file model02.txt (compact mmCIF, C-alpha atoms and all ligand atoms)
# COMPACT_ATOMS: atom_id res chain seq x y z
CA MET R 1 -21.27 -17.51 32.80
CA LYS R 2 -17.49 -17.18 32.43
CA ILE R 3 -16.24 -15.12 29.49
CA LEU R 4 -12.64 -15.08 28.30
CA ALA R 5 -12.12 -11.59 26.89
CA PHE R 6 -9.46 -9.98 24.69
CA GLU R 7 -8.45 -6.39 24.03
CA SER R 8 -5.76 -5.37 21.49
CA THR R 9 -7.02 -2.23 19.74
CA CYS R 10 -3.98 -0.07 20.50
CA ASP R 11 -0.81 -0.62 22.52
CA GLU R 12 -2.11 -2.80 25.35
CA THR R 13 -2.50 -6.54 24.96
CA ALA R 14 -5.07 -7.64 27.51
CA ALA R 15 -6.90 -10.83 28.49
CA ALA R 16 -9.38 -11.38 31.30
CA VAL R 17 -11.92 -13.80 32.66
CA VAL R 18 -15.17 -12.15 33.80
CA GLU R 19 -18.13 -13.88 35.42
CA ASP R 20 -21.69 -12.73 34.63
CA GLY R 21 -20.51 -9.35 33.39
CA ARG R 22 -19.71 -8.00 36.85
CA ARG R 23 -17.12 -10.15 38.59
CA VAL R 24 -13.48 -9.98 37.49
CA LEU R 25 -11.80 -13.36 37.98
CA SER R 26 -8.59 -12.24 36.29
CA ASP R 27 -7.38 -9.23 34.33
CA VAL R 28 -3.89 -9.24 32.82
CA ILE R 29 -2.42 -6.45 30.73
CA ALA R 30 0.87 -6.24 28.84
CA SER R 31 1.52 -2.61 28.01
CA GLN R 32 3.81 -1.73 25.10
CA ALA R 33 3.93 1.95 26.09
CA ASP R 34 7.67 1.90 26.89
CA MET R 35 8.43 0.59 23.41
CA HIS R 36 6.32 3.26 21.67
CA ALA R 37 7.72 5.97 23.97
CA LEU R 38 11.00 5.63 22.04
CA TYR R 39 9.16 7.02 19.00
CA GLY R 40 6.94 9.56 20.79
CA GLY R 41 3.72 7.74 19.86
CA VAL R 42 2.27 4.39 18.86
CA VAL R 43 3.92 2.75 15.84
CA PRO R 44 1.10 0.59 14.42
CA GLU R 45 3.25 -2.21 13.00
CA ILE R 46 5.21 -2.57 16.23
CA ALA R 47 1.91 -2.67 18.15
CA SER R 48 0.63 -5.53 15.98
CA ARG R 49 3.85 -7.50 16.30
CA LYS R 50 3.96 -7.12 20.10
CA HIS R 51 0.35 -8.36 20.31
CA VAL R 52 1.31 -11.43 18.27
CA GLU R 53 4.23 -12.16 20.61
CA THR R 54 2.29 -11.67 23.82
CA ILE R 55 -1.31 -12.79 23.46
CA ALA R 56 -0.95 -16.56 23.93
CA ALA R 57 1.10 -16.34 27.14
CA LEU R 58 -1.24 -13.66 28.44
CA THR R 59 -4.22 -15.94 27.86
CA GLU R 60 -2.61 -18.75 29.86
CA LYS R 61 -1.98 -16.28 32.68
CA ALA R 62 -5.57 -14.98 32.58
CA LEU R 63 -6.86 -18.55 32.86
CA SER R 64 -4.51 -19.54 35.67
CA ASP R 65 -5.08 -16.30 37.63
CA ALA R 66 -8.82 -16.97 37.40
CA GLY R 67 -8.33 -20.52 38.64
CA CYS R 68 -9.98 -21.74 35.44
CA THR R 69 -9.27 -24.44 32.95
CA ARG R 70 -10.22 -24.09 29.29
CA ALA R 71 -13.27 -26.25 29.94
CA ASP R 72 -14.67 -23.62 32.35
CA ILE R 73 -14.95 -20.96 29.64
CA ASP R 74 -18.48 -20.45 28.30
CA ALA R 75 -17.77 -17.81 25.64
CA VAL R 76 -15.02 -15.65 24.13
CA ALA R 77 -15.44 -11.88 23.78
CA VAL R 78 -13.19 -9.63 21.74
CA SER R 79 -12.77 -5.96 20.94
CA TYR R 80 -13.27 -5.97 17.15
CA ALA R 81 -13.54 -2.19 16.53
CA PRO R 82 -12.51 0.62 16.50
CA GLY R 83 -8.71 0.77 16.68
CA LEU R 84 -5.43 0.35 14.82
CA ILE R 85 -6.52 -2.21 12.28
CA GLY R 86 -3.45 -4.46 12.42
CA ALA R 87 -3.60 -4.48 16.20
CA VAL R 88 -7.32 -5.27 16.28
CA LEU R 89 -6.86 -8.09 13.75
CA VAL R 90 -4.38 -9.87 16.03
CA GLY R 91 -6.80 -10.00 18.97
CA LEU R 92 -9.73 -10.87 16.75
CA SER R 93 -7.94 -13.73 14.96
CA PHE R 94 -6.71 -15.14 18.27
CA ALA R 95 -10.18 -14.87 19.83
CA LYS R 96 -11.74 -16.63 16.84
CA SER R 97 -9.27 -19.49 17.16
CA ALA R 98 -9.98 -19.69 20.89
CA ALA R 99 -13.76 -19.78 20.37
CA LEU R 100 -13.36 -22.37 17.60
CA GLY R 101 -11.00 -24.51 19.65
CA LEU R 102 -13.13 -24.37 22.78
CA GLY R 103 -16.37 -24.80 20.87
CA VAL R 104 -17.98 -21.73 22.52
CA PRO R 105 -19.73 -18.62 21.14
CA LEU R 106 -17.71 -15.65 19.85
CA ILE R 107 -18.95 -12.25 21.07
CA PRO R 108 -17.91 -9.08 19.22
CA VAL R 109 -17.54 -6.02 21.48
CA HIS R 110 -17.22 -2.39 20.39
CA HIS R 111 -14.16 -1.04 22.22
CA ILE R 112 -15.93 2.11 23.48
CA ARG R 113 -18.88 0.06 24.72
CA GLY R 114 -16.24 -1.83 26.68
CA HIS R 115 -14.86 1.38 28.21
CA ILE R 116 -18.36 2.31 29.36
CA ALA R 117 -18.87 -1.21 30.79
CA ALA R 118 -15.78 -0.78 32.99
CA ASN R 119 -18.21 1.10 35.23
CA TYR R 120 -20.34 -2.06 35.70
CA LEU R 121 -17.29 -3.75 37.22
CA ALA R 122 -16.67 -0.91 39.66
CA PHE R 123 -20.28 -0.15 40.56
CA PRO R 124 -22.47 -3.25 41.04
CA GLY R 125 -25.66 -1.18 41.30
CA LEU R 126 -25.13 0.80 38.10
CA GLU R 127 -27.61 0.07 35.32
CA PRO R 128 -28.59 1.97 32.17
CA PRO R 129 -30.03 4.39 31.27
CA PHE R 130 -27.33 7.01 31.79
CA LEU R 131 -25.21 9.52 29.90
CA ALA R 132 -21.65 8.38 29.16
CA LEU R 133 -18.74 10.72 28.50
CA ALA R 134 -16.24 8.50 26.70
CA MET R 135 -12.75 10.00 26.34
CA SER R 136 -9.87 7.90 25.08
CA GLY R 137 -6.80 8.14 22.87
CA GLY R 138 -8.79 7.73 19.65
CA ASN R 139 -12.37 8.70 20.53
CA THR R 140 -14.33 11.36 22.37
CA LEU R 141 -18.08 10.82 22.47
CA LEU R 142 -21.20 11.82 24.38
CA ILE R 143 -23.44 8.78 24.41
CA ASP R 144 -26.95 8.23 25.65
CA VAL R 145 -26.74 4.67 27.01
CA GLU R 146 -30.41 3.73 26.75
CA GLY R 147 -29.78 0.08 27.58
CA TYR R 148 -26.79 -2.25 27.95
CA THR R 149 -26.63 -2.63 24.17
CA GLU R 150 -28.65 0.38 22.96
CA MET R 151 -26.52 3.49 22.47
CA ARG R 152 -27.21 6.83 20.82
CA ILE R 153 -24.46 9.32 19.99
CA LEU R 154 -25.40 12.84 21.07
CA GLY R 155 -22.11 14.52 20.25
CA GLY R 156 -18.44 13.90 19.67
CA THR R 157 -15.21 15.29 18.39
CA ARG R 158 -15.04 16.39 14.77
CA ASP R 159 -11.27 15.90 14.64
CA ASP R 160 -8.78 14.85 17.34
CA ALA R 161 -9.76 12.84 20.39
CA ALA R 162 -9.14 14.34 23.84
CA GLY R 163 -6.39 11.75 24.52
CA GLU R 164 -4.63 12.53 21.24
CA CYS R 165 -4.66 16.20 22.24
CA PHE R 166 -3.13 15.36 25.66
CA ASP R 167 -0.44 13.20 24.04
CA LYS R 168 0.58 15.86 21.49
CA ALA R 169 0.53 18.72 24.03
CA ALA R 170 2.67 16.59 26.33
CA ARG R 171 5.12 15.80 23.55
CA VAL R 172 5.72 19.44 22.71
CA LEU R 173 6.22 20.11 26.44
CA GLY R 174 8.95 17.45 26.44
CA LEU R 175 6.95 14.91 28.45
CA PRO R 176 7.07 11.17 27.71
CA TYR R 177 4.44 9.17 25.81
CA PRO R 178 1.66 8.52 26.76
CA GLY R 179 1.41 12.13 27.85
CA GLY R 180 -1.91 12.23 29.70
CA LYS R 181 -0.60 11.21 33.12
CA PRO R 182 2.61 13.33 33.06
CA ILE R 183 0.69 16.41 31.88
CA ASP R 184 -1.86 15.81 34.66
CA GLU R 185 0.99 15.74 37.21
CA LEU R 186 2.63 18.86 35.74
CA ALA R 187 -0.73 20.70 35.67
CA ARG R 188 -1.18 20.10 39.40
CA THR R 189 1.99 22.12 40.11
CA SER R 190 0.36 25.36 38.92
CA ALA R 191 -2.81 27.39 39.47
CA GLY R 192 -2.76 28.37 35.78
CA GLY R 193 -4.52 31.48 34.50
CA VAL R 194 -1.48 32.49 32.43
CA TYR R 195 -2.25 31.31 28.89
CA LYS R 196 -5.43 32.08 26.97
CA LEU R 197 -6.27 29.09 24.79
CA PRO R 198 -9.02 28.72 22.19
CA GLN R 199 -12.40 27.04 22.74
CA ALA R 200 -13.98 25.61 19.59
CA HIS R 201 -17.71 25.59 18.87
CA VAL R 202 -19.25 23.72 15.97
CA ASP R 203 -21.95 25.76 14.23
CA GLY R 204 -25.35 24.11 14.56
CA ALA R 205 -23.98 21.20 16.64
CA PRO R 206 -23.49 22.50 20.20
CA LEU R 207 -22.69 19.05 21.61
CA ASP R 208 -19.89 18.41 19.10
CA LEU R 209 -16.27 19.15 19.95
CA SER R 210 -13.05 20.03 18.18
CA PHE R 211 -9.61 19.71 19.74
CA SER R 212 -7.30 20.28 16.77
CA GLY R 213 -7.21 24.09 17.22
CA LEU R 214 -6.34 23.73 20.90
CA LYS R 215 -3.60 21.24 20.07
CA THR R 216 -2.13 23.59 17.43
CA ALA R 217 -2.34 26.57 19.80
CA VAL R 218 -0.24 24.74 22.41
CA VAL R 219 2.31 23.62 19.79
CA ASN R 220 2.57 27.19 18.40
CA LEU R 221 2.93 28.71 21.87
CA VAL R 222 5.80 26.39 22.77
CA HIS R 223 7.55 26.83 19.39
CA HIS R 224 7.18 30.62 19.63
CA ALA R 225 8.79 30.62 23.09
CA GLU R 226 11.62 28.40 21.85
CA GLN R 227 12.28 30.60 18.81
CA THR R 228 12.12 33.96 20.61
CA GLY R 229 13.75 32.83 23.83
CA GLU R 230 10.73 34.07 25.83
CA PRO R 231 10.28 32.18 29.10
CA LEU R 232 7.65 29.45 29.14
CA ASP R 233 5.77 28.50 32.30
CA ARG R 234 5.34 24.79 31.51
CA GLY R 235 3.28 24.08 34.62
CA ALA R 236 0.87 26.94 33.87
CA LEU R 237 0.56 25.86 30.25
CA ALA R 238 -0.19 22.26 31.26
CA ARG R 239 -2.78 23.55 33.71
CA ASP R 240 -4.45 26.02 31.30
CA PHE R 241 -4.45 23.40 28.55
CA THR R 242 -6.08 20.78 30.79
CA GLN R 243 -8.63 23.33 31.94
CA ALA R 244 -9.44 24.12 28.30
CA VAL R 245 -10.05 20.42 27.58
CA SER R 246 -12.20 20.11 30.69
CA ASP R 247 -14.16 23.27 29.82
CA ALA R 248 -14.91 21.74 26.41
CA LEU R 249 -16.03 18.39 27.83
CA VAL R 250 -17.81 18.95 31.13
CA PRO R 251 -20.46 21.54 30.18
CA ARG R 252 -21.31 19.51 27.05
CA ALA R 253 -21.72 16.35 29.12
CA MET R 254 -24.09 18.20 31.44
CA GLU R 255 -26.07 19.62 28.52
CA ALA R 256 -26.22 16.21 26.81
CA ALA R 257 -27.59 14.64 30.00
CA ARG R 258 -30.18 17.40 30.27
CA GLN R 259 -31.28 16.96 26.64
CA ALA R 260 -31.51 13.17 27.00
CA GLY R 261 -33.36 13.46 30.30
CA ARG R 262 -30.68 11.57 32.21
CA THR R 263 -29.66 12.32 35.78
CA VAL R 264 -26.88 9.74 35.95
CA ILE R 265 -23.50 10.39 34.26
CA THR R 266 -20.57 8.00 33.83
CA ALA R 267 -17.10 8.73 32.54
CA ALA R 268 -15.04 6.26 30.53
CA GLY R 269 -11.68 5.85 28.78
CA GLY R 270 -8.08 6.76 29.57
CA VAL R 271 -8.74 10.51 29.83
CA ALA R 272 -11.33 9.81 32.55
CA ALA R 273 -8.27 9.36 34.80
CA ASN R 274 -7.53 13.09 34.56
CA SER R 275 -7.72 14.70 37.99
CA ILE R 276 -8.96 18.11 36.81
CA ILE R 277 -11.67 16.66 34.56
CA ARG R 278 -12.77 14.36 37.41
CA ARG R 279 -12.91 17.31 39.81
CA ASP R 280 -14.89 19.46 37.35
CA LEU R 281 -17.35 16.63 36.63
CA GLU R 282 -17.86 16.10 40.36
CA GLU R 283 -18.49 19.79 40.89
CA ALA R 284 -20.88 20.12 37.92
CA CYS R 285 -22.86 17.01 38.90
CA ARG R 286 -23.08 18.15 42.52
CA LYS R 287 -24.50 21.51 41.37
CA ALA R 288 -26.98 19.87 38.97
CA GLY R 289 -28.00 17.18 41.46
CA TYR R 290 -26.87 14.42 39.09
CA GLN R 291 -25.34 11.14 40.20
CA LEU R 292 -21.79 10.67 38.88
CA TYR R 293 -19.87 7.41 38.42
CA LEU R 294 -16.13 7.78 37.84
CA PRO R 295 -14.30 4.53 37.13
CA PRO R 296 -11.30 3.78 39.37
CA LEU R 297 -8.05 4.76 37.64
CA LYS R 298 -7.05 1.18 36.84
CA LEU R 299 -10.29 0.67 34.88
CA CYS R 300 -10.00 3.90 32.85
CA GLY R 301 -7.32 2.66 30.44
CA ASP R 302 -7.59 -0.29 28.06
CA ASN R 303 -8.15 -3.65 29.76
CA GLY R 304 -9.69 -7.01 29.00
CA ALA R 305 -12.13 -7.07 31.91
CA MET R 306 -14.22 -4.25 30.43
CA ILE R 307 -14.60 -6.29 27.22
CA GLY R 308 -15.73 -9.29 29.27
CA ALA R 309 -18.25 -7.10 31.10
CA GLN R 310 -19.82 -5.69 27.94
CA GLY R 311 -19.48 -9.08 26.23
CA TYR R 312 -21.85 -10.58 28.79
CA TYR R 313 -24.58 -8.06 27.97
CA GLU R 314 -23.99 -8.44 24.22
CA TYR R 315 -24.40 -12.20 24.67
CA LEU R 316 -27.66 -11.76 26.60
CA ALA R 317 -28.89 -9.56 23.72
CA GLY R 318 -28.08 -12.35 21.26
CA HIS R 319 -25.11 -10.56 19.74
CA THR R 320 -22.76 -13.37 18.82
CA ALA R 321 -20.72 -13.60 15.63
CA GLY R 322 -19.76 -16.20 13.08
CA MET R 323 -16.22 -17.02 12.04
CA GLU R 324 -16.49 -14.51 9.18
CA LEU R 325 -16.43 -11.59 11.67
CA ASN R 326 -14.04 -8.87 10.50
CA ALA R 327 -12.19 -6.06 12.30
CA TYR R 328 -12.92 -2.35 11.75
CA ALA R 329 -10.69 0.67 12.23
CA THR R 330 -13.79 2.83 12.73
CA ARG R 331 -17.27 1.75 13.72
CA ASP R 332 -20.38 3.55 14.95
CA ILE R 333 -21.00 2.66 18.60
CA SER R 334 -24.75 2.40 18.00
CA LEU R 335 -24.10 -0.60 15.69
CA ASN R 336 -22.10 -2.59 18.29
O1 LIG L 401 -8.64 4.49 26.85
P1 LIG L 401 -7.18 4.47 26.60
O2 LIG L 401 -6.28 3.74 27.57
O3 LIG L 401 -6.84 3.91 25.19
C1 LIG L 401 -7.65 4.10 24.08
O4 LIG L 401 -8.65 3.35 23.97
O5 LIG L 401 -7.34 5.03 23.32
O6 LIG L 401 -6.74 6.00 26.53
C2 LIG L 401 -5.43 6.38 26.35
C3 LIG L 401 -5.35 7.88 26.44
C4 LIG L 401 -3.97 8.41 26.11
O7 LIG L 401 -4.11 9.45 25.17
C5 LIG L 401 -3.45 8.92 27.46
O8 LIG L 401 -2.54 9.99 27.36
C6 LIG L 401 -4.75 9.35 28.12
O9 LIG L 401 -5.66 8.33 27.78
N1 LIG L 401 -4.63 9.49 29.58
C7 LIG L 401 -4.85 10.65 30.24
C8 LIG L 401 -4.56 10.41 31.61
N2 LIG L 401 -4.19 9.11 31.73
C9 LIG L 401 -4.23 8.56 30.47
N3 LIG L 401 -5.24 11.85 29.77
C10 LIG L 401 -5.36 12.84 30.68
N4 LIG L 401 -5.10 12.70 32.00
C11 LIG L 401 -4.71 11.51 32.51
N5 LIG L 401 -4.46 11.38 33.82
call {"tool": "encode", "arguments": {"input": "model02.txt", "output": "structure tokens", "more": "lines below"}}
Ligand code: KG4
result
Amino acid sequence: MKILAFESTCDETAAAVVEDGRRVLSDVIASQADMHALYGGVVPEIASRKHVETIAALTEKALSDAGCTRADIDAVAVSYAPGLIGAVLVGLSFAKSAALGLGVPLIPVHHIRGHIAANYLAFPGLEPPFLALAMSGGNTLLIDVEGYTEMRILGGTRDDAAGECFDKAARVLGLPYPGGKPIDELARTSAGGVYKLPQAHVDGAPLDLSFSGLKTAVVNLVHHAEQTGEPLDRGALARDFTQAVSDALVPRAMEAARQAGRTVITAAGGVAANSIIRRDLEEACRKAGYQLYLPPLKLCGDNGAMIGAQGYYEYLAGHTAGMELNAYATRDISLN
């Protein structure tokens, strides 16, 4: 079964053709990051307008790269939530038109389910159940993936997502948007151990996270140094900050797996590309005897192939949508 899949929830327009949920026939991405970098973050209206400009040409490229004609497409999958609402609406409206025009089913895919499904593309033998640590620009969740379409949230951030925290810390350190990769590179230049940063704990919810205090602490530290003229070790701060994020995420992922009775852990989302978090997850899983699946870097960020992968399993579960399907800025992952 060949699925034409679309992703447009933030600042990447993406289209892909995926066969039977596991084989990527094409995967094309048009990133707008350079445009948003001018403003230090994503400007929602610009994101929507760039999606409108790009999505049709991208679709033609996805089809031709896959060696497909329109007649070869069996279904259309689309990321319909969560995300910047204007951006999501562009992809959703285009996908609806495509499904209508081709006369094939329309499959709604929760964006974070898609991030998790990126692992199915990289690891042919991977099957649920497993524990997923999903970390992106807008979401940070610990999910018990009971089946391909059955998900249970065990914990998550109460405020900022891990990626948002990376982007804001990077900005105050004078690094370009999106800040995750540059801060990762800067962090690797130092052994850290210089700055003491806060760790948040949510009373009565040990698997929940909070990153807003950490973000503010980094901003205050940098502003204080600027105002007093005290020297700032940027490399050490990047390193200590990244370690603080990892120390919040990794032990909770291990505890969530233990509570859910899972011995397989997967990581997902843009922040899963972080070298220190990857190293800490590897170390923790090795110690616990758990099996760890880390998506290759190119499948961590937003892409269309992951939506095609999850779309296949949603289709098998009977999750197709009518033309009245709407987009959602927020949506519980357990609802698809
Ligand atoms: O999953 P993603 O591409 O988009 C969303 O669905 O949000 O995640 C984007 C986020 C950004 O905040 C970006 O800074 C972060 O992932 N990111 C990283 C790294 N690469 C990208 N964060 C930490 N370390 C990285 N190496």
call {"tool": "residues_around", "arguments": {"input": "model02.txt", "residues": "segment 283-297 of chain R", "least_positions_apart": "4", "cutoff": "10 Å", "atoms": "only C-alpha atoms", "output": "NGL selection string"}}
result
:R and (115-123 or 126 or 130-132 or 250-251 or 253-254 or 257-258 or 262-275 or 277-279 or 301)
call {"tool": "residues_near_ligand", "arguments": {"input": "model02.txt", "ligand": "ligand LIG 401 (chain L)", "cutoff": "9 Å", "atoms": "only C-alpha atoms and all ligand atoms", "output": "ChimeraX atom specification"}}
result
/R:9-12,82-83,111-112,115,134-139,161-168,170,177-185,242,268-277,297,299-303
call {"tool": "closest_residue", "arguments": {"input": "model02.txt", "among": "R:Ala62, R:Ala5, R:Leu92, R:Leu186", "to": "Ser26 of chain R", "atoms": "all atoms listed in the file"}}
result
R:Ala62
call {"tool": "residues_around", "arguments": {"input": "model02.txt", "residues": "segment 27-42 of chain R", "least_positions_apart": "2", "cutoff": "10 Å", "atoms": "all atoms listed in the file", "output": "number ranges by chain"}}
result
R: 4-8, 10-18, 24-25, 44-47, 50-51, 54-55, 58-59, 61-63, 65-66, 84, 164, 167-168, 170-171, 174-179, 302-306, 308
call {"tool": "residues_around", "arguments": {"input": "model02.txt", "residues": "His223 of chain R", "least_positions_apart": "5", "cutoff": "10 Å", "atoms": "all atoms listed in the file", "output": "PyMOL selection string"}}
result
chain R and resi 172-173+217-218+228-229
call {"tool": "closest_residue", "arguments": {"input": "model02.txt", "among": "R:His224, R:His110, R:Arg158, R:Lys196", "to": "Leu237 of chain R", "atoms": "all atoms listed in the file"}}
result
R:Lys196
call {"tool": "residues_near_point", "arguments": {"input": "model02.txt", "point": "(-24.3, -9.0, 21.1)", "cutoff": "12 Å", "atoms": "all atoms listed in the file", "output": "PyMOL selection string"}}
result
chain R and resi 75-79+105-110+113+148-150+307-322+334-336
call {"tool": "closest_residue", "arguments": {"input": "model02.txt", "among": "R:Asp233, R:Asp160, R:Glu60, R:Asp203", "to": "Val245 of chain R", "atoms": "only C-alpha atoms"}}
result
R:Asp160
call {"tool": "atom_distance", "arguments": {"input": "model02.txt", "atom1": "atom CA of Ala81 of chain R", "atom2": "atom CA of Leu154 of chain R"}}
result
19.7 Å
call {"tool": "axis_aligned_box", "arguments": {"input": "model02.txt", "around": "segment 239-248 of chain R", "padding_each_side": "8 Å", "output": "AutoDock Vina command-line options"}}
result
--center_x -8.8 --center_y 23.1 --center_z 30.1 --size_x 28.1 --size_y 21.9 --size_z 23.3
call {"tool": "atom_distance", "arguments": {"input": "model02.txt", "atom1": "atom CA of Asp280 of chain R", "atom2": "atom CA of Ser246 of chain R"}}
result
7.2 Å
